[in-house]
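Just below is one structure, and these are the notes that go with it.
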Amino acid sequence: MSDTASHGAPAEARQGYWKRLALVLAVVGPGIITSNVDNDAGGITTYSLAGADFGLHLLWTLIPITVALILVQEMSARMGAVTGKGLASLIRERFGAAATFYLMIGLVLTNLANTVAEFAGVAAAMGIFGVPPLWSVPLAAVAVWLLVLKSSYKAVEKVFLWACLFYVAYIISGFLAQPDWGQVWGELARPRLDLSSEALTMVVGLVGTTIAPWMQFYLQASVVDKGLTAKDYHIVRWDVIVGSIAVSVVAFFIILVCAATINTAGIKIESAEQAAIALRPLAGRYAASLFAFGLLNASLFAASILPLSSAYTVCEAFGWEASVDRKFEEAPQFYILYSLMVVGGAVTVMLPGMPLITIMYLSQVLNGLVLPVILFFMLKLINDPRVMGDKVNGPVNNFLNWTTVVLVSAISLVMVWQSIFGG
């Protein structure tokens, strides 16, 4: 009898392990996808410039930025799991239709400008491989449109999770650049605070490109669309943590490869496209090709997510059906909004003489103006027992979150000031 028990116990343990693994795999996705999308064309450009202009000196800032990202994203995920409602829907119920309407205008304009930036990233990346924008941009637009229009949430999420894996291209590029690892770890172990206006401006950019308004809406909406509830929260939280760390690891290697090559060679760049081209003679064609491929993957990824985020958000705000699992007839507003965002972004990039730099600049200004308002709404909601029940913030969590929100909001407003007044 003891032999039977001894044989049965390992079998039961293995069965329990596989059940737990299946549960984890069924829940993960929203946090990892949302964070990784933030490594888009604009983000990659910012990280490339940080490495090219400042070498390894700003690597240490990724640690506090990661902590801030985890704290903000955790609030969104928790609200989605506990309430079963998206952030736009909660804001409408708690703060009224007028506040929601004006917030939606800001978000849609910001996301449209960011979508333009993503298709510009597609054009730039494919241009490195010799494909003209006349071909690359329309094909990319059709691909991301069909992905959402013809698929279920599970299918779309699988594609997005696979896209996350391709960010490993930047990690490989980092090793191919052969940096001085002793110097790298030394910069992380002994952070130096550079108070020059140029360095502070870059830190503002690093924070601004990591925590964006659309992320909070998309994460919460995808938690709801996936059907996750409060009982899944402990796994949802880890999904957010892993996603936030993963996005910072990728940023780390982008800064690293540009610092070890472009900064060392004293070359000045202005975009991620130029970074990929500059890498070819410095780190070899494989590193350059991987960097360019990473830019293409990131741009396509974000060009799918940003219109999707806009469609989710606006439909929630006005009480329309919003789900990838619905057919067009069941959620026409959702799919029409998604289509308009994709088409608008792609067509804008292809129009001759369009001021793309100005559009991207305005998107950053709008991001900086909208983010503090959203974070304020989130903190009011997360502390409201009528919304969250017993899952409101505790004293320690409140202190950390309010501190994070105040700092991130201050940085966002500084970014707006610098963008408008140039200093």
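Naming works like this for the structure tokens: A, B, ... for the chains as they're shown, residue 1 at the start of each chain, ligands 1 onward in shown order.
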Give me the residues of range 107-211 of chain A that have any atom at most 8 Å from an atom of range 259-264 of chain A; for each, the nearest atom pair and the distance in Å, rounded to one decimal. Use only C-alpha atoms, sort by chain and number, and format it as a Markdown table.
| residue | atom | partner | partner_atom | distance |
| --- | --- | --- | --- | --- |
| A:Ala177 | CA | A:Ala260 | CA | 6.5 |
| A:Gln178 | CA | A:Ala260 | CA | 7.4 |
| A:Pro179 | CA | A:Ala260 | CA | 5.3 |
| A:Asp180 | CA | A:Ala260 | CA | 7.8 |
How about saving the chosen residues, N, CA and C atoms kept, as a CSV table (one decimal), in the first residue's frame?
chain,number,residue,atom,x,y,z
A,177,ALA,N,27.6,43.4,-30.5
A,177,ALA,CA,28.4,44.7,-30.4
A,177,ALA,C,29.6,44.5,-29.5
A,178,GLN,N,29.7,43.5,-28.8
A,178,GLN,CA,30.8,43.2,-27.9
A,178,GLN,C,31.2,44.3,-27.0
A,179,PRO,N,30.3,44.7,-26.1
A,179,PRO,CA,30.5,45.8,-25.2
A,179,PRO,C,31.5,45.4,-24.1
A,180,ASP,N,32.0,46.4,-23.4
A,180,ASP,CA,32.9,46.1,-22.2
A,180,ASP,C,31.9,45.8,-21.0
I'd like the neighbourhood of range 379-394 of chain A as a ChimeraX atom specification, where a residue qualifies if any of its atoms comes within 12 Å (using only C-alpha atoms), though same-chain residues fewer than 3 positions away should be ignored.
/A:71-95,230-231,233,372-376,397-406
Write to file, as a compact mmCIF listing (two decimals), in the first residue's frame, the residues of the selection just made, with N, CA and C atoms.
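Dumped to out.txt:
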# COMPACT_ATOMS: atom_id res chain seq x y z
N LEU A 71 4.15 49.77 -10.99
CA LEU A 71 3.14 50.33 -10.08
C LEU A 71 1.92 50.85 -10.84
N VAL A 72 2.15 51.55 -11.95
CA VAL A 72 1.03 52.11 -12.72
C VAL A 72 0.25 51.00 -13.41
N GLN A 73 0.96 50.05 -14.04
CA GLN A 73 0.29 48.98 -14.76
C GLN A 73 -0.49 48.04 -13.83
N GLU A 74 0.04 47.85 -12.63
CA GLU A 74 -0.65 46.98 -11.67
C GLU A 74 -2.02 47.52 -11.32
N MET A 75 -2.14 48.85 -11.20
CA MET A 75 -3.43 49.44 -10.89
C MET A 75 -4.44 49.17 -11.99
N SER A 76 -4.02 49.31 -13.25
CA SER A 76 -4.92 49.05 -14.38
C SER A 76 -5.38 47.60 -14.39
N ALA A 77 -4.42 46.69 -14.22
CA ALA A 77 -4.76 45.27 -14.26
C ALA A 77 -5.70 44.90 -13.12
N ARG A 78 -5.45 45.45 -11.94
CA ARG A 78 -6.29 45.12 -10.78
C ARG A 78 -7.71 45.64 -10.98
N MET A 79 -7.85 46.85 -11.51
CA MET A 79 -9.19 47.39 -11.75
C MET A 79 -9.95 46.55 -12.76
N GLY A 80 -9.25 46.11 -13.81
CA GLY A 80 -9.91 45.28 -14.82
C GLY A 80 -10.37 43.95 -14.26
N ALA A 81 -9.50 43.31 -13.47
CA ALA A 81 -9.82 41.99 -12.91
C ALA A 81 -10.94 42.07 -11.88
N VAL A 82 -10.94 43.12 -11.07
CA VAL A 82 -11.92 43.22 -9.97
C VAL A 82 -13.28 43.70 -10.49
N THR A 83 -13.28 44.70 -11.37
CA THR A 83 -14.56 45.31 -11.79
C THR A 83 -15.15 44.66 -13.04
N GLY A 84 -14.31 44.04 -13.87
CA GLY A 84 -14.81 43.50 -15.13
C GLY A 84 -15.18 44.59 -16.13
N LYS A 85 -14.65 45.81 -15.90
CA LYS A 85 -14.94 46.95 -16.78
C LYS A 85 -13.65 47.62 -17.21
N GLY A 86 -13.68 48.23 -18.39
CA GLY A 86 -12.53 48.97 -18.88
C GLY A 86 -12.40 50.31 -18.17
N LEU A 87 -11.25 50.93 -18.30
CA LEU A 87 -10.98 52.20 -17.61
C LEU A 87 -11.89 53.31 -18.12
N ALA A 88 -12.13 53.37 -19.42
CA ALA A 88 -13.00 54.42 -19.97
C ALA A 88 -14.41 54.31 -19.42
N SER A 89 -14.90 53.08 -19.29
CA SER A 89 -16.23 52.86 -18.75
C SER A 89 -16.32 53.31 -17.29
N LEU A 90 -15.29 53.01 -16.50
CA LEU A 90 -15.27 53.42 -15.09
C LEU A 90 -15.19 54.93 -14.95
N ILE A 91 -14.40 55.57 -15.82
CA ILE A 91 -14.28 57.04 -15.77
C ILE A 91 -15.62 57.68 -16.10
N ARG A 92 -16.33 57.14 -17.08
CA ARG A 92 -17.65 57.69 -17.44
C ARG A 92 -18.62 57.57 -16.28
N GLU A 93 -18.63 56.39 -15.64
CA GLU A 93 -19.56 56.17 -14.54
C GLU A 93 -19.25 57.03 -13.33
N ARG A 94 -17.97 57.25 -13.07
CA ARG A 94 -17.55 57.94 -11.84
C ARG A 94 -17.44 59.46 -12.03
N PHE A 95 -17.02 59.91 -13.22
CA PHE A 95 -16.73 61.34 -13.41
C PHE A 95 -17.64 62.02 -14.43
N ALA A 230 -11.09 38.58 -10.43
CA ALA A 230 -10.30 38.76 -9.21
C ALA A 230 -9.57 37.48 -8.80
N LYS A 231 -10.14 36.32 -9.09
CA LYS A 231 -9.47 35.06 -8.71
C LYS A 231 -8.19 34.83 -9.52
N TYR A 233 -6.16 37.34 -10.21
CA TYR A 233 -5.35 38.54 -10.03
C TYR A 233 -3.89 38.24 -9.72
N PRO A 372 -1.18 62.88 -16.90
CA PRO A 372 -1.48 63.22 -15.50
C PRO A 372 -2.97 63.12 -15.16
N VAL A 373 -3.83 63.49 -16.11
CA VAL A 373 -5.27 63.43 -15.87
C VAL A 373 -5.71 61.97 -15.70
N ILE A 374 -5.22 61.09 -16.57
CA ILE A 374 -5.58 59.67 -16.48
C ILE A 374 -5.10 59.06 -15.19
N LEU A 375 -3.86 59.38 -14.80
CA LEU A 375 -3.32 58.82 -13.56
C LEU A 375 -4.11 59.30 -12.34
N PHE A 376 -4.56 60.55 -12.36
CA PHE A 376 -5.38 61.07 -11.27
C PHE A 376 -6.70 60.29 -11.20
N ASN A 397 0.80 50.97 -0.38
CA ASN A 397 0.56 51.00 -1.82
C ASN A 397 0.15 52.39 -2.27
N ASN A 398 -0.67 53.05 -1.46
CA ASN A 398 -1.10 54.41 -1.79
C ASN A 398 0.07 55.38 -1.81
N PHE A 399 0.94 55.27 -0.82
CA PHE A 399 2.11 56.15 -0.77
C PHE A 399 2.98 55.95 -2.01
N LEU A 400 3.25 54.70 -2.36
CA LEU A 400 4.09 54.41 -3.52
C LEU A 400 3.42 54.89 -4.81
N ASN A 401 2.12 54.64 -4.94
CA ASN A 401 1.42 55.02 -6.16
C ASN A 401 1.27 56.53 -6.30
N TRP A 402 0.91 57.22 -5.21
CA TRP A 402 0.79 58.68 -5.29
C TRP A 402 2.14 59.32 -5.61
N THR A 403 3.21 58.80 -4.98
CA THR A 403 4.55 59.31 -5.26
C THR A 403 4.90 59.12 -6.73
N THR A 404 4.61 57.92 -7.23
CA THR A 404 4.89 57.62 -8.64
C THR A 404 4.09 58.52 -9.56
N VAL A 405 2.81 58.68 -9.26
CA VAL A 405 1.93 59.50 -10.11
C VAL A 405 2.39 60.96 -10.12
N VAL A 406 2.75 61.49 -8.95
CA VAL A 406 3.20 62.89 -8.87
C VAL A 406 4.48 63.07 -9.68
Sort by chain and increasing residue number a table of all residues of range 318-342 of chain A within 12 Å of range 107-119 of chain A, each with its closest pair of atoms and their distance in Å to one decimal, counting only C-alpha atoms, and write it as JSON lines.
{"residue": "A:Leu337", "atom": "CA", "partner": "A:Val108", "partner_atom": "CA", "distance": 9.9}
{"residue": "A:Tyr338", "atom": "CA", "partner": "A:Leu112", "partner_atom": "CA", "distance": 10.6}
{"residue": "A:Ser339", "atom": "CA", "partner": "A:Leu112", "partner_atom": "CA", "distance": 11.6}
{"residue": "A:Leu340", "atom": "CA", "partner": "A:Leu112", "partner_atom": "CA", "distance": 9.5}
{"residue": "A:Met341", "atom": "CA", "partner": "A:Leu112", "partner_atom": "CA", "distance": 6.2}
{"residue": "A:Val342", "atom": "CA", "partner": "A:Thr115", "partner_atom": "CA", "distance": 7.4}
Would you output that residue set with C-alpha atoms, as a compact mmCIF listing (two decimals), in the first residue's frame?
# COMPACT_ATOMS: atom_id res chain seq x y z
CA LEU A 337 -12.96 52.90 -35.35
CA TYR A 338 -10.14 50.37 -35.63
CA SER A 339 -10.25 50.54 -39.44
CA LEU A 340 -10.28 54.34 -39.50
CA MET A 341 -7.23 54.51 -37.23
CA VAL A 342 -5.27 52.00 -39.34
Counting only C-alpha atoms, closest pick from A:Ala276, A:Ala212, A:Leu69, A:Ala302 relative to Ser173 in chain A is A:Ala276
Exercise. Extract, using only C-alpha atoms, all DNA, RNA and protein residues at most 12 Å from Ala140 in chain A, discarding same-chain residues fewer than 3 positions from it, and format them as a ChimeraX atom specification.
Key: /A:118-123,125-126,133-137,143-147,296-297,299-304,342-343,345-347
